[in-house]
Every structure is written in structure tokens, then in C-alpha cells.
file start.txt (compact mmCIF, N, CA and C atoms)
# COMPACT_ATOMS: atom_id res chain seq x y z
N MET T 60 162.02 -14.41 -40.45
CA MET T 60 163.05 -13.61 -39.79
C MET T 60 163.97 -12.93 -40.81
N GLU T 61 163.98 -13.41 -42.04
CA GLU T 61 164.88 -12.81 -43.02
C GLU T 61 164.61 -11.32 -43.18
N TYR T 62 163.34 -10.94 -43.25
CA TYR T 62 162.98 -9.54 -43.41
C TYR T 62 163.41 -8.73 -42.19
N THR T 63 163.25 -9.28 -41.01
CA THR T 63 163.67 -8.62 -39.78
C THR T 63 165.14 -8.27 -39.83
N PHE T 64 165.96 -9.21 -40.28
CA PHE T 64 167.39 -8.97 -40.35
C PHE T 64 167.77 -8.02 -41.49
N ARG T 65 167.00 -8.02 -42.57
CA ARG T 65 167.26 -7.04 -43.63
C ARG T 65 167.01 -5.63 -43.13
N ILE T 66 165.93 -5.45 -42.38
CA ILE T 66 165.63 -4.14 -41.80
C ILE T 66 166.72 -3.75 -40.80
N ASN T 67 167.14 -4.68 -39.97
CA ASN T 67 168.18 -4.39 -38.98
C ASN T 67 169.50 -4.03 -39.65
N THR T 68 169.82 -4.72 -40.72
CA THR T 68 171.04 -4.39 -41.47
C THR T 68 170.95 -2.98 -42.05
N LEU T 69 169.78 -2.62 -42.52
CA LEU T 69 169.57 -1.27 -43.04
C LEU T 69 169.88 -0.22 -41.97
N SER T 70 169.32 -0.40 -40.78
CA SER T 70 169.57 0.59 -39.72
C SER T 70 171.03 0.59 -39.30
N ARG T 71 171.65 -0.58 -39.25
CA ARG T 71 173.07 -0.63 -38.87
C ARG T 71 173.94 0.08 -39.91
N ASN T 72 173.58 -0.02 -41.19
CA ASN T 72 174.32 0.70 -42.22
C ASN T 72 174.17 2.21 -42.07
N VAL T 73 172.99 2.65 -41.66
CA VAL T 73 172.79 4.08 -41.40
C VAL T 73 173.70 4.53 -40.27
N PHE T 74 173.75 3.75 -39.20
CA PHE T 74 174.62 4.10 -38.07
C PHE T 74 176.09 4.11 -38.49
N LEU T 75 176.48 3.16 -39.32
CA LEU T 75 177.86 3.12 -39.80
C LEU T 75 178.21 4.39 -40.56
N LYS T 76 177.30 4.88 -41.38
CA LYS T 76 177.54 6.13 -42.12
C LYS T 76 177.77 7.30 -41.17
N TYR T 77 177.06 7.32 -40.07
CA TYR T 77 177.29 8.38 -39.08
C TYR T 77 178.67 8.23 -38.44
N LEU T 78 179.05 7.00 -38.13
CA LEU T 78 180.37 6.78 -37.53
C LEU T 78 181.48 7.18 -38.49
N GLU T 79 181.31 6.86 -39.75
CA GLU T 79 182.36 7.14 -40.74
C GLU T 79 182.32 8.57 -41.26
N GLY T 80 181.19 9.23 -41.15
CA GLY T 80 181.03 10.55 -41.73
C GLY T 80 181.18 11.71 -40.76
N HIS T 81 181.55 11.41 -39.53
CA HIS T 81 181.69 12.45 -38.52
C HIS T 81 183.02 12.31 -37.78
N SER T 82 183.55 13.46 -37.40
CA SER T 82 184.81 13.46 -36.64
C SER T 82 184.55 12.94 -35.23
N LEU T 83 185.61 12.62 -34.56
CA LEU T 83 185.50 12.17 -33.17
C LEU T 83 184.86 13.26 -32.31
N ASP T 84 185.22 14.51 -32.56
CA ASP T 84 184.60 15.62 -31.80
C ASP T 84 183.10 15.68 -32.06
N GLU T 85 182.68 15.51 -33.31
CA GLU T 85 181.25 15.54 -33.63
C GLU T 85 180.52 14.36 -32.99
N LEU T 86 181.13 13.19 -33.02
CA LEU T 86 180.50 12.01 -32.42
C LEU T 86 180.29 12.18 -30.92
N ASN T 87 181.21 12.89 -30.28
CA ASN T 87 181.17 13.08 -28.83
C ASN T 87 180.37 14.30 -28.38
N LYS T 88 180.08 15.21 -29.28
CA LYS T 88 179.41 16.46 -28.90
C LYS T 88 177.96 16.20 -28.48
N ILE T 89 177.59 16.77 -27.34
CA ILE T 89 176.20 16.73 -26.88
C ILE T 89 175.62 18.12 -27.13
N PRO T 90 174.77 18.23 -28.14
CA PRO T 90 174.19 19.55 -28.43
C PRO T 90 173.29 20.04 -27.29
N GLU T 91 173.16 21.35 -27.21
CA GLU T 91 172.29 21.94 -26.20
C GLU T 91 170.87 21.39 -26.38
N GLY T 92 170.26 21.00 -25.29
CA GLY T 92 168.91 20.47 -25.32
C GLY T 92 168.86 18.95 -25.42
N PHE T 93 170.01 18.31 -25.62
CA PHE T 93 170.07 16.85 -25.71
C PHE T 93 170.81 16.31 -24.49
N SER T 94 170.53 15.07 -24.14
CA SER T 94 171.22 14.45 -23.00
C SER T 94 172.26 13.43 -23.44
N ASN T 95 172.39 13.25 -24.76
CA ASN T 95 173.38 12.29 -25.25
C ASN T 95 173.91 12.77 -26.60
N ASN T 96 174.72 11.93 -27.23
CA ASN T 96 175.39 12.30 -28.47
C ASN T 96 175.25 11.18 -29.51
N LEU T 97 175.85 11.40 -30.66
CA LEU T 97 175.76 10.40 -31.73
C LEU T 97 176.30 9.05 -31.28
N ILE T 98 177.48 9.06 -30.72
CA ILE T 98 178.15 7.79 -30.37
C ILE T 98 177.39 7.04 -29.29
N TRP T 99 176.82 7.75 -28.32
CA TRP T 99 176.05 7.07 -27.28
C TRP T 99 174.85 6.35 -27.88
N ASN T 100 174.14 6.99 -28.79
CA ASN T 100 172.98 6.36 -29.41
C ASN T 100 173.36 5.09 -30.16
N ILE T 101 174.49 5.11 -30.82
CA ILE T 101 174.93 3.94 -31.58
C ILE T 101 175.34 2.81 -30.64
N GLY T 102 176.10 3.13 -29.60
CA GLY T 102 176.46 2.11 -28.62
C GLY T 102 175.22 1.56 -27.92
N HIS T 103 174.28 2.44 -27.66
CA HIS T 103 173.05 2.06 -26.95
C HIS T 103 172.25 1.02 -27.74
N VAL T 104 172.09 1.21 -29.06
CA VAL T 104 171.27 0.24 -29.81
C VAL T 104 171.94 -1.13 -29.85
N ILE T 105 173.26 -1.16 -29.87
CA ILE T 105 173.97 -2.45 -29.85
C ILE T 105 173.71 -3.14 -28.51
N VAL T 106 173.85 -2.40 -27.43
CA VAL T 106 173.66 -2.97 -26.10
C VAL T 106 172.22 -3.45 -25.90
N VAL T 107 171.26 -2.64 -26.28
CA VAL T 107 169.86 -3.02 -26.07
C VAL T 107 169.51 -4.27 -26.86
N GLN T 108 169.98 -4.37 -28.10
CA GLN T 108 169.70 -5.58 -28.90
C GLN T 108 170.27 -6.82 -28.19
N GLN T 109 171.48 -6.70 -27.69
CA GLN T 109 172.11 -7.83 -27.01
C GLN T 109 171.36 -8.20 -25.72
N MET T 110 170.94 -7.20 -24.98
CA MET T 110 170.22 -7.47 -23.74
C MET T 110 168.85 -8.08 -24.01
N LEU T 111 168.14 -7.51 -24.98
CA LEU T 111 166.80 -8.01 -25.30
C LEU T 111 166.83 -9.44 -25.82
N VAL T 112 167.75 -9.72 -26.71
CA VAL T 112 167.75 -11.02 -27.37
C VAL T 112 168.52 -12.07 -26.57
N TYR T 113 169.71 -11.75 -26.11
CA TYR T 113 170.55 -12.76 -25.45
C TYR T 113 170.36 -12.82 -23.93
N LYS T 114 170.50 -11.69 -23.27
CA LYS T 114 170.42 -11.71 -21.81
C LYS T 114 169.07 -12.25 -21.34
N LEU T 115 167.98 -11.78 -21.96
CA LEU T 115 166.66 -12.24 -21.54
C LEU T 115 166.37 -13.67 -21.98
N SER T 116 167.22 -14.20 -22.86
CA SER T 116 167.12 -15.62 -23.24
C SER T 116 168.02 -16.48 -22.36
N GLY T 117 168.73 -15.84 -21.45
CA GLY T 117 169.63 -16.58 -20.56
C GLY T 117 170.91 -17.01 -21.24
N LEU T 118 171.29 -16.32 -22.32
CA LEU T 118 172.49 -16.67 -23.09
C LEU T 118 173.54 -15.58 -22.96
N PRO T 119 174.82 -15.93 -23.14
CA PRO T 119 175.87 -14.91 -23.05
C PRO T 119 175.76 -13.88 -24.18
N MET T 120 176.01 -12.63 -23.81
CA MET T 120 176.00 -11.55 -24.79
C MET T 120 177.37 -11.46 -25.45
N MET T 121 177.42 -10.80 -26.60
CA MET T 121 178.67 -10.65 -27.35
C MET T 121 179.36 -9.33 -27.04
N ILE T 122 178.93 -8.67 -26.00
CA ILE T 122 179.49 -7.38 -25.61
C ILE T 122 179.97 -7.47 -24.17
N SER T 123 180.86 -6.56 -23.81
CA SER T 123 181.43 -6.57 -22.46
C SER T 123 180.46 -5.97 -21.44
N ASP T 124 180.68 -6.32 -20.19
CA ASP T 124 179.89 -5.72 -19.10
C ASP T 124 180.14 -4.22 -19.05
N ASP T 125 181.37 -3.80 -19.35
CA ASP T 125 181.68 -2.36 -19.36
C ASP T 125 180.84 -1.63 -20.40
N MET T 126 180.66 -2.26 -21.55
CA MET T 126 179.85 -1.64 -22.60
C MET T 126 178.39 -1.53 -22.15
N VAL T 127 177.89 -2.56 -21.50
CA VAL T 127 176.52 -2.53 -20.98
C VAL T 127 176.38 -1.38 -19.99
N THR T 128 177.31 -1.27 -19.07
CA THR T 128 177.27 -0.22 -18.06
C THR T 128 177.31 1.17 -18.69
N LYS T 129 178.04 1.31 -19.77
CA LYS T 129 178.21 2.61 -20.42
C LYS T 129 177.02 3.02 -21.27
N TYR T 130 176.35 2.05 -21.91
CA TYR T 130 175.33 2.38 -22.91
C TYR T 130 173.92 1.88 -22.61
N MET T 131 173.70 1.24 -21.47
CA MET T 131 172.35 0.71 -21.21
C MET T 131 171.37 1.85 -20.97
N LYS T 132 170.10 1.49 -21.00
CA LYS T 132 169.04 2.47 -20.77
C LYS T 132 169.28 3.20 -19.45
N GLY T 133 169.05 4.49 -19.47
CA GLY T 133 169.20 5.29 -18.27
C GLY T 133 170.58 5.90 -18.09
N THR T 134 171.52 5.56 -18.97
CA THR T 134 172.87 6.13 -18.86
C THR T 134 172.98 7.34 -19.78
N LYS T 135 174.03 8.08 -19.57
CA LYS T 135 174.38 9.23 -20.40
C LYS T 135 175.88 9.17 -20.65
N PRO T 136 176.34 9.84 -21.68
CA PRO T 136 177.79 9.86 -21.93
C PRO T 136 178.53 10.38 -20.70
N ASP T 137 179.59 9.68 -20.33
CA ASP T 137 180.35 10.06 -19.14
C ASP T 137 181.76 10.53 -19.51
N GLY T 138 181.91 11.06 -20.68
CA GLY T 138 183.21 11.50 -21.19
C GLY T 138 183.30 11.16 -22.65
N ASN T 139 184.36 11.60 -23.27
CA ASN T 139 184.53 11.36 -24.69
C ASN T 139 185.02 9.95 -24.98
N VAL T 140 184.48 9.35 -26.03
CA VAL T 140 184.98 8.06 -26.46
C VAL T 140 186.21 8.28 -27.33
N THR T 141 187.04 7.27 -27.41
CA THR T 141 188.26 7.33 -28.21
C THR T 141 187.99 6.78 -29.61
N GLN T 142 188.92 7.02 -30.51
CA GLN T 142 188.80 6.47 -31.85
C GLN T 142 188.79 4.94 -31.80
N GLU T 143 189.52 4.38 -30.86
CA GLU T 143 189.54 2.91 -30.68
C GLU T 143 188.14 2.40 -30.35
N GLU T 144 187.42 3.11 -29.49
CA GLU T 144 186.05 2.71 -29.15
C GLU T 144 185.12 2.84 -30.35
N VAL T 145 185.33 3.88 -31.15
CA VAL T 145 184.53 4.05 -32.37
C VAL T 145 184.74 2.85 -33.29
N GLU T 146 185.99 2.44 -33.45
CA GLU T 146 186.30 1.29 -34.31
C GLU T 146 185.67 0.02 -33.78
N GLU T 147 185.66 -0.15 -32.46
CA GLU T 147 185.02 -1.31 -31.85
C GLU T 147 183.52 -1.32 -32.15
N LEU T 148 182.88 -0.16 -32.03
CA LEU T 148 181.44 -0.08 -32.30
C LEU T 148 181.15 -0.37 -33.78
N LYS T 149 182.01 0.08 -34.67
CA LYS T 149 181.83 -0.21 -36.10
C LYS T 149 181.79 -1.72 -36.33
N ILE T 150 182.68 -2.42 -35.68
CA ILE T 150 182.75 -3.87 -35.82
C ILE T 150 181.51 -4.52 -35.19
N LEU T 151 181.16 -4.08 -33.99
CA LEU T 151 180.03 -4.68 -33.27
C LEU T 151 178.70 -4.45 -33.96
N LEU T 152 178.57 -3.36 -34.70
CA LEU T 152 177.32 -3.12 -35.43
C LEU T 152 176.94 -4.34 -36.26
N PHE T 153 177.94 -4.98 -36.86
CA PHE T 153 177.64 -6.07 -37.79
C PHE T 153 177.97 -7.45 -37.25
N THR T 154 179.01 -7.59 -36.43
CA THR T 154 179.32 -8.93 -35.91
C THR T 154 178.20 -9.41 -34.99
N THR T 155 177.63 -8.51 -34.20
CA THR T 155 176.54 -8.92 -33.31
C THR T 155 175.32 -9.34 -34.14
N LEU T 156 175.05 -8.60 -35.18
CA LEU T 156 173.90 -8.91 -36.02
C LEU T 156 174.08 -10.22 -36.78
N GLU T 157 175.28 -10.43 -37.32
CA GLU T 157 175.56 -11.66 -38.07
C GLU T 157 175.44 -12.88 -37.17
N LYS T 158 176.00 -12.78 -35.95
CA LYS T 158 175.92 -13.92 -35.03
C LYS T 158 174.48 -14.16 -34.59
N THR T 159 173.74 -13.08 -34.36
CA THR T 159 172.35 -13.23 -33.96
C THR T 159 171.56 -13.95 -35.06
N GLN T 160 171.78 -13.56 -36.29
CA GLN T 160 171.09 -14.20 -37.41
C GLN T 160 171.44 -15.69 -37.47
N LYS T 161 172.73 -16.01 -37.31
CA LYS T 161 173.14 -17.42 -37.31
C LYS T 161 172.51 -18.17 -36.14
N ASP T 162 172.48 -17.54 -34.98
CA ASP T 162 171.89 -18.19 -33.80
C ASP T 162 170.40 -18.45 -33.98
N PHE T 163 169.69 -17.56 -34.67
CA PHE T 163 168.29 -17.83 -34.99
C PHE T 163 168.18 -18.99 -35.96
N GLN T 164 169.04 -19.03 -36.95
CA GLN T 164 169.03 -20.14 -37.91
C GLN T 164 169.32 -21.46 -37.21
N ASP T 165 170.17 -21.41 -36.19
CA ASP T 165 170.53 -22.62 -35.43
C ASP T 165 169.55 -22.92 -34.30
N SER T 166 168.51 -22.12 -34.16
CA SER T 166 167.45 -22.31 -33.15
C SER T 166 167.98 -22.44 -31.73
N ILE T 167 168.90 -21.53 -31.34
CA ILE T 167 169.46 -21.64 -29.98
C ILE T 167 168.59 -20.98 -28.91
N PHE T 168 167.63 -20.18 -29.33
CA PHE T 168 166.82 -19.44 -28.37
C PHE T 168 165.65 -20.31 -27.92
N LYS T 169 165.76 -20.86 -26.72
CA LYS T 169 164.76 -21.80 -26.19
C LYS T 169 163.93 -21.19 -25.08
N GLU T 170 164.56 -20.41 -24.22
CA GLU T 170 163.87 -19.83 -23.07
C GLU T 170 163.87 -18.31 -23.22
N TYR T 171 162.96 -17.65 -22.50
CA TYR T 171 162.94 -16.19 -22.53
C TYR T 171 162.26 -15.67 -21.28
N LYS T 172 162.88 -14.66 -20.66
CA LYS T 172 162.29 -14.01 -19.50
C LYS T 172 161.47 -12.84 -20.00
N GLU T 173 160.16 -12.95 -19.94
CA GLU T 173 159.25 -11.93 -20.44
C GLU T 173 159.61 -10.55 -19.88
N PHE T 174 159.48 -9.54 -20.74
CA PHE T 174 159.91 -8.19 -20.39
C PHE T 174 158.95 -7.18 -21.01
N THR T 175 158.49 -6.21 -20.21
CA THR T 175 157.65 -5.14 -20.73
C THR T 175 158.50 -3.90 -20.90
N THR T 176 158.54 -3.39 -22.12
CA THR T 176 159.36 -2.23 -22.45
C THR T 176 158.75 -0.95 -21.89
N SER T 177 159.54 0.11 -21.90
CA SER T 177 159.03 1.40 -21.43
C SER T 177 157.93 1.93 -22.36
N ALA T 178 157.87 1.40 -23.58
CA ALA T 178 156.80 1.77 -24.51
C ALA T 178 155.51 1.00 -24.24
N GLY T 179 155.57 0.06 -23.26
CA GLY T 179 154.39 -0.70 -22.89
C GLY T 179 154.20 -1.99 -23.67
N TYR T 180 155.17 -2.34 -24.50
CA TYR T 180 155.09 -3.57 -25.30
C TYR T 180 155.74 -4.71 -24.52
N THR T 181 155.04 -5.83 -24.39
CA THR T 181 155.58 -6.98 -23.68
C THR T 181 156.24 -7.93 -24.68
N VAL T 182 157.53 -8.15 -24.45
CA VAL T 182 158.33 -9.04 -25.29
C VAL T 182 158.30 -10.41 -24.62
N THR T 183 157.88 -11.44 -25.37
CA THR T 183 157.72 -12.76 -24.77
C THR T 183 158.69 -13.81 -25.28
N ASN T 184 159.44 -13.48 -26.35
CA ASN T 184 160.40 -14.45 -26.89
C ASN T 184 161.47 -13.70 -27.69
N ALA T 185 162.51 -14.41 -28.08
CA ALA T 185 163.64 -13.78 -28.78
C ALA T 185 163.23 -13.22 -30.13
N HIS T 186 162.31 -13.87 -30.82
CA HIS T 186 161.84 -13.35 -32.11
C HIS T 186 161.19 -11.98 -31.91
N ASP T 187 160.29 -11.88 -30.93
CA ASP T 187 159.67 -10.59 -30.62
C ASP T 187 160.72 -9.56 -30.22
N ALA T 188 161.75 -10.01 -29.52
CA ALA T 188 162.82 -9.11 -29.09
C ALA T 188 163.53 -8.49 -30.30
N MET T 189 163.77 -9.28 -31.34
CA MET T 189 164.39 -8.73 -32.55
C MET T 189 163.46 -7.75 -33.24
N GLU T 190 162.18 -8.06 -33.28
CA GLU T 190 161.22 -7.15 -33.89
C GLU T 190 161.19 -5.83 -33.12
N PHE T 191 161.15 -5.91 -31.79
CA PHE T 191 161.14 -4.69 -30.99
C PHE T 191 162.46 -3.95 -31.14
N SER T 192 163.55 -4.66 -31.24
CA SER T 192 164.85 -4.04 -31.43
C SER T 192 164.87 -3.17 -32.69
N ASN T 193 164.23 -3.65 -33.75
CA ASN T 193 164.15 -2.85 -34.97
C ASN T 193 163.39 -1.55 -34.72
N TYR T 194 162.29 -1.63 -33.99
CA TYR T 194 161.53 -0.43 -33.63
C TYR T 194 162.42 0.52 -32.82
N HIS T 195 163.11 -0.02 -31.84
CA HIS T 195 163.99 0.75 -30.97
C HIS T 195 165.11 1.42 -31.78
N GLU T 196 165.70 0.69 -32.71
CA GLU T 196 166.76 1.27 -33.54
C GLU T 196 166.20 2.37 -34.44
N GLY T 197 164.97 2.23 -34.88
CA GLY T 197 164.34 3.28 -35.66
C GLY T 197 164.17 4.56 -34.86
N LEU T 198 163.77 4.41 -33.60
CA LEU T 198 163.66 5.58 -32.73
C LEU T 198 164.99 6.30 -32.59
N HIS T 199 166.05 5.52 -32.37
CA HIS T 199 167.36 6.12 -32.18
C HIS T 199 167.96 6.64 -33.48
N THR T 200 167.55 6.10 -34.60
CA THR T 200 167.95 6.68 -35.88
C THR T 200 167.39 8.10 -35.97
N GLY T 201 166.15 8.28 -35.56
CA GLY T 201 165.55 9.60 -35.53
C GLY T 201 166.27 10.56 -34.60
N VAL T 202 166.67 10.08 -33.43
CA VAL T 202 167.41 10.91 -32.49
C VAL T 202 168.75 11.34 -33.10
N VAL T 203 169.44 10.39 -33.71
CA VAL T 203 170.73 10.68 -34.37
C VAL T 203 170.56 11.74 -35.45
N MET T 204 169.49 11.62 -36.22
CA MET T 204 169.23 12.60 -37.27
C MET T 204 168.98 13.99 -36.68
N GLN T 205 168.31 14.06 -35.55
CA GLN T 205 168.07 15.33 -34.88
C GLN T 205 169.38 15.93 -34.34
N ILE T 206 170.19 15.09 -33.69
CA ILE T 206 171.46 15.56 -33.14
C ILE T 206 172.34 16.14 -34.25
N LYS T 207 172.37 15.45 -35.40
CA LYS T 207 173.21 15.90 -36.50
C LYS T 207 172.89 17.34 -36.92
N LYS T 208 171.65 17.74 -36.82
CA LYS T 208 171.25 19.10 -37.21
C LYS T 208 171.92 20.15 -36.35
N PHE T 209 172.38 19.78 -35.16
CA PHE T 209 172.95 20.74 -34.23
C PHE T 209 174.47 20.65 -34.11
N LEU T 210 175.09 19.89 -34.96
CA LEU T 210 176.55 19.77 -34.93
C LEU T 210 177.22 20.87 -35.72

call {"tool": "encode", "arguments": {"input": "start.txt", "output": "C-alpha cells"}}
result
Amino acid sequence: MEYTFRINTLSRNVFLKYLEGHSLDELNKIPEGFSNNLIWNIGHVIVVQQMLVYKLSGLPMMISDDMVTKYMKGTKPDGNVTQEEVEELKILLFTTLEKTQKDFQDSIFKEYKEFTTSAGYTVTNAHDAMEFSNYHEGLHTGVVMQIKKFL
């Protein structure tokens, strides 16, 4: 799992650079032809990781229900986020990952509700969920890179 978390840390650092390197207006802008923006993609990867690993394991997530409602699959930005929300996402990028890594080290993941992703991959345990989360974050890194071209 060490390599999995190194890869995840890499993607989270990329997202942090986008958060720190763009104005609030740029983070909130939805370019023509896109259905979301930079900030939505970053919030979305945090939410999906928490849902895949914790919720499907029957464990409490480290994010609020409001955040899930705002960034889960199938949602779109419903207004501009504030600088306060940006700061919260910056913190969650790494606190969620650090706790997840500790929870794997402590072997807390015992049960898992099997889930088939929209990509057709069936996730059967929390370890697989982290692996798929890395794939998912890679996809959204690509989306973020595309959005940036239109800012």
C-alpha cells in the first residue's frame, strides 16, 4: 500500500498547486464546453475517495454530508465557492489521505459493500478502492489540465 499512497500524494500535490496557483474567479469559472470547474474536480476527488474507501466499508467519512451532496458523482457546481471553502479543500486533500493511510496501517477496514464503477470495474475491498481512487484522481487531473487551458 505504500506505493498506492505515494501515488495518491503525488496527485493531491498537483491539485494543491492548482488551488494555490489560481484566483478564486479562475477556480470557479466553468469554461465553455465544460460542465464543471477546477474547484469542483478537486472537491469531487476528495468526496469519491471517502465514499469508496469509508462509506462502502461501513465506516464514518471525514467529510460533511453537505460536501458529499455538493461534489458527489452526477453533481455540477451550483454557485461559486468561497475562499474559506478553498482553504477547507486544501486541508482535506491531505488530512483525509493521512488518516486513510493510518487506518490501513491499523487494519480497520474489515467489511466492504462491493461496488461496480461506471468504468465497469468492480471494487471488492478497501484496498481495491484506494487503487481505483488513484485511477479516478488521474482522470480528474486530466480534466483539470484541460480546463486550465481555457481560463

call {"tool": "atom_distance", "arguments": {"input": "start.txt", "atom1": "atom CA of Lys208 of chain T", "atom2": "atom N of Glu91 of chain T"}}
result
10.4 Å

call {"tool": "closest_residue", "arguments": {"input": "start.txt", "among": "T:Gln142, T:Thr155, T:Ser116, T:Ser70", "to": "Phe168 of chain T", "atoms": "only C-alpha atoms"}}
result
T:Ser116

call {"tool": "closest_residue", "arguments": {"input": "start.txt", "among": "T:Val106, T:Leu115, T:Leu151, T:Leu75", "to": "Thr134 of chain T", "atoms": "only C-alpha atoms"}}
result
T:Val106

call {"tool": "residues_around", "arguments": {"input": "start.txt", "residues": "segment 107-112 of chain T", "least_positions_apart": "3", "cutoff": "10 Å", "atoms": "only C-alpha atoms", "output": "number ranges by chain"}}
result
T: 102-104, 115-122, 127, 130-132, 155-156, 159, 168, 171-174, 176, 182, 184-193, 195-196

call {"tool": "atom_distance", "arguments": {"input": "start.txt", "atom1": "atom CA of Ala178 of chain T", "atom2": "atom CA of Asn139 of chain T"}}
result
29.3 Å

call {"tool": "residues_around", "arguments": {"input": "start.txt", "residues": "Leu152 of chain T", "least_positions_apart": "4", "cutoff": "7 Å", "atoms": "all atoms listed in the file", "output": "list in words"}}
result
Arg71, Ile105, Glu147, Leu148, Leu156 and Glu157 of chain T

call {"tool": "select_by_dssp", "arguments": {"input": "start.txt", "residues": "chain T", "states": "alpha helix (DSSP H)", "output": "VMD selection string"}}
result
chain T and resid 61 to 80 83 to 87 97 to 112 124 to 130 142 to 164 185 to 207

call {"tool": "closest_residue", "arguments": {"input": "start.txt", "among": "T:Ile98, T:Met60, T:Met126, T:Met204", "to": "Glu79 of chain T", "atoms": "only C-alpha atoms"}}
result
T:Ile98

call {"tool": "select_by_dssp", "arguments": {"input": "start.txt", "residues": "segment 62-203 of chain T", "states": "strand (DSSP E or B)", "output": "PyMOL selection string"}}
result
chain T and resi 174-175+181-182

call {"tool": "closest_residue", "arguments": {"input": "start.txt", "among": "T:Lys114, T:Tyr180, T:Leu97, T:Val140", "to": "Val202 of chain T", "atoms": "all atoms listed in the file"}}
result
T:Leu97

call {"tool": "atom_distance", "arguments": {"input": "start.txt", "atom1": "atom CA of Gln160 of chain T", "atom2": "atom CA of Tyr113 of chain T"}}
result
12.1 Å
